[in-house]
>>> print(open('work.cif').read())   # mmCIF, C-alpha atoms
data_protein
#
loop_
_atom_site.label_atom_id
_atom_site.label_comp_id
_atom_site.auth_asym_id
_atom_site.auth_seq_id
_atom_site.Cartn_x
_atom_site.Cartn_y
_atom_site.Cartn_z
CA MET A 1 73.13 16.32 152.28
CA LYS A 2 73.94 16.88 148.60
CA ASN A 3 71.67 13.96 147.65
CA HIS A 4 68.83 15.44 149.68
CA ILE A 5 69.17 18.77 147.85
CA LEU A 6 69.23 17.01 144.47
CA LEU A 7 66.15 15.00 145.45
CA ALA A 8 64.35 18.15 146.56
CA VAL A 9 65.22 19.91 143.28
CA ALA A 10 64.09 16.87 141.25
CA ALA A 11 60.81 16.72 143.20
CA LEU A 12 60.27 20.43 142.61
CA LEU A 13 60.86 20.00 138.86
CA VAL A 14 58.46 17.06 138.63
CA ALA A 15 55.86 18.92 140.68
CA SER A 16 56.30 22.03 138.56
CA CYS A 17 55.29 20.08 135.47
CA ALA A 18 52.01 19.07 137.07
CA THR A 19 49.15 21.35 136.14
CA SER A 20 46.39 19.00 137.27
CA ASN A 21 44.24 21.80 138.64
CA LEU A 22 44.15 23.39 135.18
CA PRO A 23 42.46 20.88 132.88
CA SER A 24 43.45 21.15 129.23
CA LEU A 25 40.87 21.15 126.46
CA SER A 26 40.26 17.40 126.37
CA PRO A 27 37.47 15.99 124.15
CA ASP A 28 35.44 15.42 127.33
CA LEU A 29 35.81 19.01 128.48
CA VAL A 30 34.94 20.35 124.99
CA ALA A 31 31.87 18.08 124.91
CA ARG A 32 30.74 19.41 128.30
CA GLY A 33 31.28 22.96 127.05
CA ARG A 34 29.28 22.29 123.87
CA ALA A 35 26.43 20.90 125.95
CA ASP A 36 26.53 24.25 127.78
CA HIS A 37 26.40 26.15 124.42
CA SER A 38 30.12 27.08 124.40
CA SER A 39 32.49 26.59 121.46
CA ALA A 40 35.99 25.09 121.68
CA GLU A 41 37.47 28.52 120.79
CA GLN A 42 35.55 30.13 123.64
CA LEU A 43 36.79 27.46 126.07
CA ALA A 44 40.42 27.92 124.92
CA SER A 45 40.16 31.68 125.31
CA GLY A 46 38.54 31.25 128.72
CA ARG A 47 41.36 29.00 129.94
CA GLU A 48 44.01 31.48 128.74
CA LEU A 49 42.23 34.39 130.43
CA PHE A 50 41.76 32.40 133.65
CA VAL A 51 45.48 31.62 133.98
CA THR A 52 46.59 35.18 133.17
CA ARG A 53 44.04 37.68 134.47
CA CYS A 54 42.99 35.94 137.68
CA LEU A 55 46.64 35.34 138.59
CA GLU A 56 47.36 39.05 138.70
CA CYS A 57 45.71 39.34 142.11
CA HIS A 58 45.69 35.84 143.64
CA THR A 59 46.77 32.27 143.05
CA LEU A 60 44.44 30.02 141.07
CA PRO A 61 42.05 27.77 142.97
CA SER A 62 41.45 24.26 141.71
CA VAL A 63 38.70 24.33 139.08
CA THR A 64 36.90 21.58 140.99
CA LYS A 65 36.75 23.66 144.18
CA TYR A 66 33.50 25.35 143.14
CA THR A 67 30.31 24.29 141.39
CA ARG A 68 29.22 25.61 137.99
CA GLU A 69 26.86 28.13 139.56
CA GLU A 70 29.47 29.26 142.09
CA TRP A 71 32.00 29.87 139.30
CA SER A 72 29.47 31.99 137.36
CA ARG A 73 28.91 34.17 140.45
CA LEU A 74 32.60 34.42 141.41
CA VAL A 75 33.74 35.45 137.92
CA ARG A 76 30.93 38.01 137.69
CA GLU A 77 32.07 39.52 141.01
CA MET A 78 35.73 39.80 139.97
CA ALA A 79 35.37 40.61 136.26
CA GLY A 80 35.76 44.35 136.81
CA ARG A 81 38.96 44.04 138.79
CA ALA A 82 40.39 41.66 136.20
CA ASN A 83 39.51 44.15 133.43
CA LEU A 84 37.46 41.51 131.56
CA THR A 85 35.07 42.57 128.80
CA ALA A 86 31.61 40.98 128.75
CA GLY A 87 32.77 38.53 126.07
CA GLU A 88 35.92 37.62 128.00
CA GLU A 89 33.91 37.11 131.18
CA GLN A 90 31.62 34.69 129.30
CA SER A 91 34.64 32.76 128.01
CA VAL A 92 36.15 32.39 131.50
CA VAL A 93 32.78 31.26 132.89
CA ALA A 94 32.36 28.80 129.98
CA TYR A 95 35.76 27.18 130.67
CA LEU A 96 35.28 27.00 134.43
CA ARG A 97 31.73 25.62 134.13
CA ALA A 98 32.98 22.91 131.74
CA ALA A 99 35.82 22.03 134.13
CA ALA A 100 33.87 22.35 137.39
CA SER A 101 33.14 19.59 139.88
CA ASP A 102 29.48 19.14 138.95
CA THR A 103 30.06 18.49 135.27
CA SER A 104 26.54 17.90 134.01
CA PRO A 105 25.14 21.10 132.47
CA SER A 106 22.16 22.84 134.03
CA PRO A 107 18.81 22.18 132.36
CA MET B 1 36.21 66.08 124.15
CA LYS B 2 34.60 65.97 127.63
CA ARG B 3 32.58 62.92 126.55
CA ILE B 4 35.72 61.11 125.40
CA LEU B 5 37.44 61.88 128.71
CA LEU B 6 34.37 60.69 130.64
CA LEU B 7 34.28 57.44 128.62
CA LEU B 8 37.99 56.90 129.28
CA VAL B 9 37.46 57.39 133.01
CA LEU B 10 34.45 55.04 133.04
CA ALA B 11 36.32 52.45 131.00
CA THR B 12 39.20 52.35 133.44
CA GLN B 13 37.53 52.98 136.78
CA THR B 14 37.21 49.34 137.79
CA CYS B 15 40.47 48.01 136.33
CA PHE B 16 43.10 46.66 138.68
CA ALA B 17 46.62 46.16 137.40
CA GLY B 18 47.45 43.48 139.94
CA ALA B 19 48.20 42.99 143.60
CA ARG B 20 51.64 42.22 144.99
CA HIS B 21 52.51 39.41 147.41
CA PHE B 22 56.09 40.69 147.86
CA THR B 23 57.70 44.12 148.25
CA PHE B 24 61.40 43.50 147.54
CA LEU B 25 60.79 40.95 144.76
CA TYR B 26 58.89 41.28 141.49
CA GLU B 27 56.39 38.64 140.33
CA ALA B 28 56.18 37.19 136.82
CA PRO B 29 52.54 37.98 135.86
CA THR B 30 52.02 41.34 134.15
CA ALA B 31 49.09 43.74 134.41
CA ALA B 32 45.92 43.31 132.34
CA PRO B 33 45.96 45.34 129.12
CA GLY B 34 44.21 48.67 129.61
CA SER B 35 44.62 48.68 133.39
CA PHE B 36 46.13 51.52 135.40
CA GLU B 37 47.34 51.38 138.97
CA TRP B 38 48.97 53.82 141.36
CA GLU B 39 51.52 52.22 143.71
CA ASN B 40 53.27 54.01 146.55
CA TYR B 41 56.39 52.57 148.21
CA ALA B 42 57.72 53.64 151.60
CA THR B 43 60.81 52.01 153.10
CA SER B 44 61.85 52.80 156.69
CA LEU B 45 65.54 52.31 157.49
CA PHE B 46 67.06 51.57 160.90
CA ARG B 47 70.73 51.39 161.94
CA ASN B 48 72.12 50.76 165.44
CA SER B 49 68.52 50.70 166.74
CA GLN B 50 67.99 54.25 165.41
CA PHE B 51 65.57 55.36 162.72
CA THR B 52 67.79 56.81 159.99
CA GLY B 53 65.41 57.68 157.18
CA LEU B 54 62.75 56.83 154.65
CA ASP B 55 62.84 56.03 150.92
CA PHE B 56 59.80 56.72 148.76
CA ARG B 57 58.71 55.74 145.25
CA HIS B 58 55.50 56.69 143.42
CA GLU B 59 54.65 54.46 140.48
CA LEU B 60 52.03 54.54 137.74
CA GLU B 61 51.68 50.99 136.36
CA ILE B 62 50.04 50.45 132.97
CA GLY B 63 49.01 47.17 131.35
CA VAL B 64 49.94 47.59 127.68
CA THR B 65 49.45 44.16 126.08
CA PRO B 66 48.53 40.74 127.56
CA HIS B 67 52.26 40.13 128.20
CA PHE B 68 53.80 43.59 128.62
CA GLN B 69 53.45 46.26 131.28
CA ALA B 70 55.12 49.64 131.60
CA SER B 71 55.63 51.88 134.62
CA ILE B 72 56.69 55.39 135.38
CA TYR B 73 58.27 56.18 138.75
CA PHE B 74 57.55 59.88 138.96
CA ALA B 75 59.77 60.54 141.96
CA ASN B 76 62.21 58.40 143.88
CA TRP B 77 63.13 60.43 146.96
CA SER B 78 64.32 60.02 150.50
CA TYR B 79 64.08 61.62 153.91
CA ASP B 80 67.26 61.74 156.01
CA ASN B 81 66.42 61.77 159.70
CA LYS B 82 69.86 63.07 160.74
CA GLU B 83 69.72 66.07 158.42
CA ARG B 84 65.95 66.41 158.86
CA ALA B 85 65.72 66.98 155.11
CA ALA B 86 64.19 65.37 152.04
CA HIS B 87 66.17 64.79 148.84
CA TYR B 88 64.90 64.10 145.33
CA ASP B 89 66.88 61.22 143.86
CA SER B 90 65.61 60.22 140.42
CA THR B 91 62.76 59.53 138.04
CA SER B 92 62.62 56.25 136.15
CA VAL B 93 60.72 54.11 133.65
CA GLU B 94 60.31 50.34 133.70
CA GLY B 95 59.07 47.62 131.37
CA ILE B 96 58.26 43.97 132.18
CA TYR B 97 57.70 41.33 129.49
CA ASN B 98 56.16 38.02 130.51
CA PHE B 99 57.22 34.93 128.53
CA THR B 100 55.60 32.03 130.38
CA ASN B 101 52.90 31.56 133.00
CA PRO B 102 53.77 30.40 136.55
CA ALA B 103 50.54 28.40 136.92
CA ALA B 104 50.01 26.91 133.46
CA ASP B 105 53.63 26.39 132.35
CA PRO B 106 56.43 24.47 134.14
CA ILE B 107 57.89 27.83 135.22
CA GLY B 108 56.86 31.45 134.77
CA ILE B 109 59.56 33.71 133.34
CA SER B 110 59.59 37.48 132.89
CA LEU B 111 62.27 40.04 132.04
CA TYR B 112 62.41 43.45 133.70
CA GLN B 113 64.28 46.56 132.64
CA GLU B 114 64.35 49.88 134.45
CA ILE B 115 66.31 53.00 133.58
CA GLY B 116 66.36 56.13 135.66
CA GLY B 117 68.17 59.35 136.16
CA GLY B 118 68.38 62.42 138.34
CA ARG B 119 70.46 65.58 138.51
CA ARG B 120 73.76 63.76 138.79
CA ASN B 121 73.00 60.09 138.43
CA PHE B 122 71.92 57.51 135.88
CA GLU B 123 70.94 53.91 136.63
CA SER B 124 70.08 50.74 134.75
CA GLU B 125 68.52 47.71 136.40
CA THR B 126 67.91 44.41 134.59
CA LYS B 127 66.08 41.57 136.25
CA LEU B 128 65.25 37.95 135.46
CA ILE B 129 62.07 36.87 137.25
CA ALA B 130 61.27 33.17 137.72
CA GLN B 131 58.12 32.06 139.51
CA LYS B 132 56.24 28.84 140.15
CA ASN B 133 52.82 28.53 141.75
CA PHE B 134 51.81 25.33 143.54
CA GLY B 135 48.15 25.92 144.34
CA PRO B 136 48.16 28.66 147.01
CA LEU B 137 51.99 28.63 147.35
CA ILE B 138 54.11 31.05 145.29
CA LEU B 139 57.86 30.43 144.94
CA LEU B 140 59.77 33.32 143.44
CA TYR B 141 63.36 34.05 142.34
CA ASN B 142 64.83 37.33 141.03
CA PHE B 143 68.32 37.80 139.62
CA THR B 144 69.23 41.47 139.24
CA VAL B 145 72.13 43.33 137.64
CA GLU B 146 72.38 47.03 138.48
CA ALA B 147 74.75 49.59 137.03
CA GLY B 148 74.93 53.21 138.10
CA TRP B 149 76.84 56.34 137.22
CA LYS B 150 76.87 59.37 139.49
CA GLY B 151 78.73 62.48 140.58
CA GLU B 152 80.45 65.18 138.53
CA GLY B 153 80.33 64.15 134.87
CA LEU B 154 78.84 60.79 135.96
CA ARG B 155 82.40 59.55 136.53
CA GLU B 156 81.69 57.55 139.67
CA ARG B 157 80.54 54.02 138.85
CA THR B 158 78.59 51.62 141.05
CA GLY B 159 77.31 48.14 140.42
CA GLU B 160 75.36 45.45 142.18
CA LEU B 161 74.43 41.81 141.63
CA GLN B 162 71.46 40.60 143.60
CA GLN B 163 69.73 37.28 144.06
CA ALA B 164 66.41 37.22 145.85
CA LEU B 165 64.21 34.33 146.92
CA GLY B 166 60.65 34.52 148.15
CA ALA B 167 57.80 32.29 149.19
CA SER B 168 54.23 33.32 149.88
CA TYR B 169 51.22 31.28 150.96
CA GLU B 170 47.65 32.49 150.41
CA ILE B 171 45.46 31.47 153.30
CA ASN B 172 42.56 32.88 151.26
CA PRO B 173 42.36 35.05 148.10
CA ARG B 174 42.69 38.21 150.22
CA VAL B 175 45.47 37.36 152.69
CA SER B 176 48.92 35.88 152.24
CA PHE B 177 52.00 35.43 154.40
CA GLY B 178 55.53 34.79 153.26
CA VAL B 179 59.25 35.30 153.51
CA GLU B 180 61.76 37.29 151.43
CA MET B 181 65.54 36.83 151.26
CA LEU B 182 68.05 39.11 149.54
CA HIS B 183 71.68 38.36 148.75
CA GLU B 184 73.51 41.40 147.39
CA ILE B 185 77.02 41.81 146.07
CA VAL B 186 77.85 45.52 145.89
CA LEU B 187 80.66 46.36 143.46
CA PRO B 188 82.06 49.89 143.98
CA ASP B 189 83.55 51.13 140.71
CA TRP B 190 82.52 47.74 139.23
CA ARG B 191 85.50 46.06 140.88
CA SER B 192 85.09 42.74 142.63
CA ASP B 193 88.11 43.22 144.95
CA ASP B 194 86.21 45.97 146.85
CA ALA B 195 82.94 44.06 146.90
CA ASP B 196 80.59 44.02 149.89
CA THR B 197 78.26 41.10 150.44
CA ASN B 198 74.97 41.68 152.23
CA PHE B 199 72.27 39.25 153.25
CA PHE B 200 68.77 40.20 154.38
CA ILE B 201 65.82 38.03 155.41
CA GLY B 202 62.38 38.67 156.84
CA PRO B 203 58.64 38.00 156.76
CA ASN B 204 55.93 39.65 154.70
CA VAL B 205 52.14 39.92 154.78
CA SER B 206 49.74 41.06 152.09
CA TYR B 207 46.07 42.04 152.05
CA ARG B 208 44.00 42.47 148.90
CA GLY B 209 40.83 44.55 149.28
CA ASP B 210 38.16 45.19 146.66
CA ARG B 211 39.76 48.40 145.41
CA TRP B 212 43.26 48.36 146.93
CA PHE B 213 46.05 46.17 148.24
CA ALA B 214 48.78 46.59 150.84
CA THR B 215 51.91 44.49 151.33
CA VAL B 216 54.54 44.93 154.02
CA THR B 217 57.93 43.27 154.53
CA ALA B 218 60.40 43.61 157.42
CA LEU B 219 64.00 42.63 156.63
CA LYS B 220 66.90 42.11 159.01
CA GLN B 221 70.52 42.29 157.86
CA LEU B 222 72.37 39.09 158.72
CA THR B 223 75.76 40.42 157.61
CA ASN B 224 77.73 43.26 159.21
CA THR B 225 77.90 45.91 156.51
CA ALA B 226 78.02 49.33 158.16
CA ASP B 227 76.69 51.19 155.10
CA GLU B 228 73.54 49.08 154.94
CA PRO B 229 70.53 49.28 157.27
CA ASP B 230 70.28 46.75 160.09
CA TYR B 231 66.53 46.65 159.59
CA GLN B 232 64.27 47.89 156.82
CA VAL B 233 60.50 47.81 156.59
CA ARG B 234 58.83 48.35 153.21
CA LEU B 235 55.14 49.05 152.64
CA ILE B 236 53.53 49.12 149.18
CA VAL B 237 49.96 50.32 148.76
CA GLY B 238 48.26 50.04 145.37
CA VAL B 239 44.97 51.45 144.12
CA PRO B 240 43.42 51.16 140.64
CA LEU B 241 42.81 54.35 138.67
#
>>> encode(input="work.cif", output="structure tokens")
Amino acid sequence: MKNHILLAVAALLVASCATSNLPSLSPDLVARGRADHSSAEQLASGRELFVTRCLECHTLPSVTKYTREEWSRLVREMAGRANLTAGEEQSVVAYLRAAASDTSPSP
Amino acid sequence: MKRILLLLVLATQTCFAGARHFTFLYEAPTAAPGSFEWENYATSLFRNSQFTGLDFRHELEIGVTPHFQASIYFANWSYDNKERAAHYDSTSVEGIYNFTNPAADPIGISLYQEIGGGRRNFESETKLIAQKNFGPLILLYNFTVEAGWKGEGLRERTGELQQALGASYEINPRVSFGVEMLHEIVLPDWRSDDADTNFFIGPNVSYRGDRWFATVTALKQLTNTADEPDYQVRLIVGVPL
């Protein structure tokens, strides 16, 4: 029984370190952002805002759950409730578009 | 002056300080800076299958910085069904500082401090909040230390240690279901030899609308403490200002 509890705690700790649905600013992600006219600073700010402001009301969906265009619409719809300024909204959209499932930028 | 007031109202009219998934536990994320929210708490108490009373709290929550929020509880009061009378209890202030994020960091940690007082009472409540999000699942732990002074000259001392565990699962961004568990050790006069141990458990459900949220929890006492309710149901409704 004790071993099972220890195993469960260990599994929880390992799982808690996994943040796979929140991609970090890898060179690939920054390159995709640049191709979409977004700077690395804007992407970093967007990631920080995504993990703090969106979390105040609901858990965070995987960034690959929606397409680039869907993310733009969703963030626009919720920006008011998250108290995002226009600049902050752009940063969140920039990060999510760079991390989204359809990674090639729109023409 | 009127223009400034109008601008302030317009600037804050769509801000939402944050929705709650739990009613007896506090979550680690803090409110967005510049946001204001009005939260009302109502807790119904039942003992021996009888409705015994209601506890109310009315809170203004303010996002101060990206990691700090402050609250004012204007009135904590109760209605006693036996006496058919309402009693004002206290007014309090609260601050929560968030250190780490429950989604981006290995664990989300916040510290909570509340102090309050009434005509013949003074209370301090300190809380460690630990939270981890796994996709739509929220796991939450609160450890609370309460100290109170009441009566003539505030000579009567009370204390409480509380551990609380919660889990909540979002079936979509608007709706979540979960469970809350409380383990309390009540220390009359801060002495452990007179301590009472209470254990409560029950389900919760939360709905987040466009301009409001509501969360309700029903707890059952699993111990046999006569001074504590057998059942309690808490509802929190929040609206942005």
>>> atom_distance(input="work.cif", atom1="atom CA of A:Arg97", atom2="atom CA of A:Arg32")
8.6 Å
>>> residues_around(input="work.cif", residues="stretch 24-35 of chain B", least_positions_apart="4", cutoff="8 Å", atoms="all atoms listed in the file", output="PyMOL selection string")
(chain A and resi 52-53+55-56+82-83) or (chain B and resi 12+15-18+20+61-69+96-98+101-102+108-110+129-131+140-142+164-166+180+217+234+240-241)
>>> closest_residue(input="work.cif", among="B:Ala75, B:Leu45, B:Val93, B:Ala104", to="A:Pro23", atoms="all atoms listed in the file")
B:Ala104
>>> resolve_selection(input="work.cif", expression="the PyMOL selection byres ((chain B and resi 117-126) around 9)", output="VMD selection string")
chain B and resid 88 to 92 111 to 116 127 to 128 143 to 154
>>> write_last_selection(input="work.cif", atoms="C-alpha atoms", output="compact mmCIF listing (two decimals), keeping the file's coordinate frame")
# COMPACT_ATOMS: atom_id res chain seq x y z
CA TYR B 88 64.90 64.10 145.33
CA ASP B 89 66.88 61.22 143.86
CA SER B 90 65.61 60.22 140.42
CA THR B 91 62.76 59.53 138.04
CA SER B 92 62.62 56.25 136.15
CA LEU B 111 62.27 40.04 132.04
CA TYR B 112 62.41 43.45 133.70
CA GLN B 113 64.28 46.56 132.64
CA GLU B 114 64.35 49.88 134.45
CA ILE B 115 66.31 53.00 133.58
CA GLY B 116 66.36 56.13 135.66
CA LYS B 127 66.08 41.57 136.25
CA LEU B 128 65.25 37.95 135.46
CA PHE B 143 68.32 37.80 139.62
CA THR B 144 69.23 41.47 139.24
CA VAL B 145 72.13 43.33 137.64
CA GLU B 146 72.38 47.03 138.48
CA ALA B 147 74.75 49.59 137.03
CA GLY B 148 74.93 53.21 138.10
CA TRP B 149 76.84 56.34 137.22
CA LYS B 150 76.87 59.37 139.49
CA GLY B 151 78.73 62.48 140.58
CA GLU B 152 80.45 65.18 138.53
CA GLY B 153 80.33 64.15 134.87
CA LEU B 154 78.84 60.79 135.96
>>> resolve_selection(input="work.cif", expression="the PyMOL selection byres ((chain A and resi 87) around 12)", output="PyMOL selection string")
chain A and resi 38+42-43+45-46+49+76+79+83-86+88-94
>>> resolve_selection(input="work.cif", expression="the PyMOL selection byres ((chain A and resi 34) around 12)", output="mmCIF file with C-alpha atoms, in the frame of the given file")
data_model
loop_
_atom_site.group_PDB
_atom_site.id
_atom_site.type_symbol
_atom_site.label_atom_id
_atom_site.label_comp_id
_atom_site.auth_asym_id
_atom_site.auth_seq_id
_atom_site.Cartn_x
_atom_site.Cartn_y
_atom_site.Cartn_z
ATOM 1 C CA LEU A 25 40.870 21.150 126.460
ATOM 2 C CA PRO A 27 37.470 15.990 124.150
ATOM 3 C CA ASP A 28 35.440 15.420 127.330
ATOM 4 C CA LEU A 29 35.810 19.010 128.480
ATOM 5 C CA VAL A 30 34.940 20.350 124.990
ATOM 6 C CA ALA A 31 31.870 18.080 124.910
ATOM 7 C CA ARG A 32 30.740 19.410 128.300
ATOM 8 C CA GLY A 33 31.280 22.960 127.050
ATOM 9 C CA ALA A 35 26.430 20.900 125.950
ATOM 10 C CA ASP A 36 26.530 24.250 127.780
ATOM 11 C CA HIS A 37 26.400 26.150 124.420
ATOM 12 C CA SER A 38 30.120 27.080 124.400
ATOM 13 C CA SER A 39 32.490 26.590 121.460
ATOM 14 C CA ALA A 40 35.990 25.090 121.680
ATOM 15 C CA GLU A 41 37.470 28.520 120.790
ATOM 16 C CA GLN A 42 35.550 30.130 123.640
ATOM 17 C CA LEU A 43 36.790 27.460 126.070
ATOM 18 C CA ALA A 94 32.360 28.800 129.980
ATOM 19 C CA TYR A 95 35.760 27.180 130.670
ATOM 20 C CA ARG A 97 31.730 25.620 134.130
ATOM 21 C CA ALA A 98 32.980 22.910 131.740
ATOM 22 C CA SER A 104 26.540 17.900 134.010
ATOM 23 C CA PRO A 105 25.140 21.100 132.470
#
>>> residues_near_point(input="work.cif", point="(65.1, 61.5, 162.4)", cutoff="10 Å", atoms="only C-alpha atoms", output="PyMOL selection string")
chain B and resi 50-54+79-85
>>> atom_distance(input="work.cif", atom1="atom CA of B:Phe213", atom2="atom CA of A:Val63")
24.8 Å
>>> residues_around(input="work.cif", residues="A:Glu69", least_positions_apart="3", cutoff="10 Å", atoms="only C-alpha atoms", output="PyMOL selection string")
chain A and resi 66+72-74+93+96-97+100+102+106
>>> closest_residue(input="work.cif", among="B:Asp189, B:Asp105, B:Glu160, B:Glu184", to="chain A", atoms="all atoms listed in the file")
B:Asp105
>>> build_atoms(input="work.cif", residues="stretch 206-224 of chain B", atoms="N, CA, C and O atoms", output="short mmCIF file (atom, residue, chain, number, x, y, z; two decimals), in the frame of the given file")
data_model
loop_
_atom_site.label_atom_id
_atom_site.label_comp_id
_atom_site.auth_asym_id
_atom_site.auth_seq_id
_atom_site.Cartn_x
_atom_site.Cartn_y
_atom_site.Cartn_z
N SER B 206 50.43 40.30 153.13
CA SER B 206 49.74 41.06 152.09
C SER B 206 48.24 40.94 152.26
O SER B 206 47.73 39.86 152.59
N TYR B 207 47.55 42.06 152.02
CA TYR B 207 46.07 42.04 152.05
C TYR B 207 45.56 42.66 150.76
O TYR B 207 46.01 43.72 150.34
N ARG B 208 44.58 41.98 150.14
CA ARG B 208 44.00 42.47 148.90
C ARG B 208 42.52 42.81 149.14
O ARG B 208 41.71 41.92 149.38
N GLY B 209 42.22 44.11 149.12
CA GLY B 209 40.83 44.55 149.28
C GLY B 209 40.14 44.61 147.93
O GLY B 209 40.71 44.22 146.91
N ASP B 210 38.91 45.10 147.93
CA ASP B 210 38.16 45.19 146.66
C ASP B 210 38.77 46.22 145.72
O ASP B 210 38.77 46.03 144.51
N ARG B 211 39.26 47.33 146.26
CA ARG B 211 39.76 48.40 145.41
C ARG B 211 41.17 48.84 145.80
O ARG B 211 41.59 49.94 145.48
N TRP B 212 41.92 47.99 146.50
CA TRP B 212 43.26 48.36 146.93
C TRP B 212 43.99 47.11 147.42
O TRP B 212 43.37 46.08 147.65
N PHE B 213 45.29 47.23 147.56
CA PHE B 213 46.05 46.17 148.24
C PHE B 213 47.17 46.83 149.05
O PHE B 213 47.57 47.97 148.78
N ALA B 214 47.64 46.12 150.06
CA ALA B 214 48.78 46.59 150.84
C ALA B 214 49.65 45.39 151.18
O ALA B 214 49.14 44.32 151.54
N THR B 215 50.95 45.56 151.02
CA THR B 215 51.91 44.49 151.33
C THR B 215 53.05 45.11 152.13
O THR B 215 53.53 46.19 151.80
N VAL B 216 53.46 44.42 153.19
CA VAL B 216 54.54 44.93 154.02
C VAL B 216 55.56 43.83 154.30
O VAL B 216 55.19 42.66 154.48
N THR B 217 56.84 44.21 154.26
CA THR B 217 57.93 43.27 154.53
C THR B 217 58.90 43.91 155.52
O THR B 217 59.20 45.10 155.41
N ALA B 218 59.37 43.13 156.47
CA ALA B 218 60.40 43.61 157.42
C ALA B 218 61.64 42.74 157.22
O ALA B 218 61.57 41.51 157.35
N LEU B 219 62.76 43.38 156.87
CA LEU B 219 64.00 42.63 156.63
C LEU B 219 65.05 42.95 157.68
O LEU B 219 65.20 44.10 158.09
N LYS B 220 65.78 41.93 158.08
CA LYS B 220 66.90 42.11 159.01
C LYS B 220 68.19 41.77 158.27
O LYS B 220 68.24 40.78 157.52
N GLN B 221 69.23 42.59 158.48
CA GLN B 221 70.52 42.29 157.86
C GLN B 221 71.25 41.22 158.68
O GLN B 221 71.42 41.38 159.89
N LEU B 222 71.65 40.15 158.01
CA LEU B 222 72.37 39.09 158.72
C LEU B 222 73.89 39.24 158.59
O LEU B 222 74.64 38.53 159.25
N THR B 223 74.32 40.14 157.73
CA THR B 223 75.76 40.42 157.61
C THR B 223 76.09 41.65 158.48
O THR B 223 75.23 42.12 159.22
N ASN B 224 77.30 42.16 158.33
CA ASN B 224 77.73 43.26 159.21
C ASN B 224 78.20 44.46 158.42
O ASN B 224 79.18 45.09 158.78
#
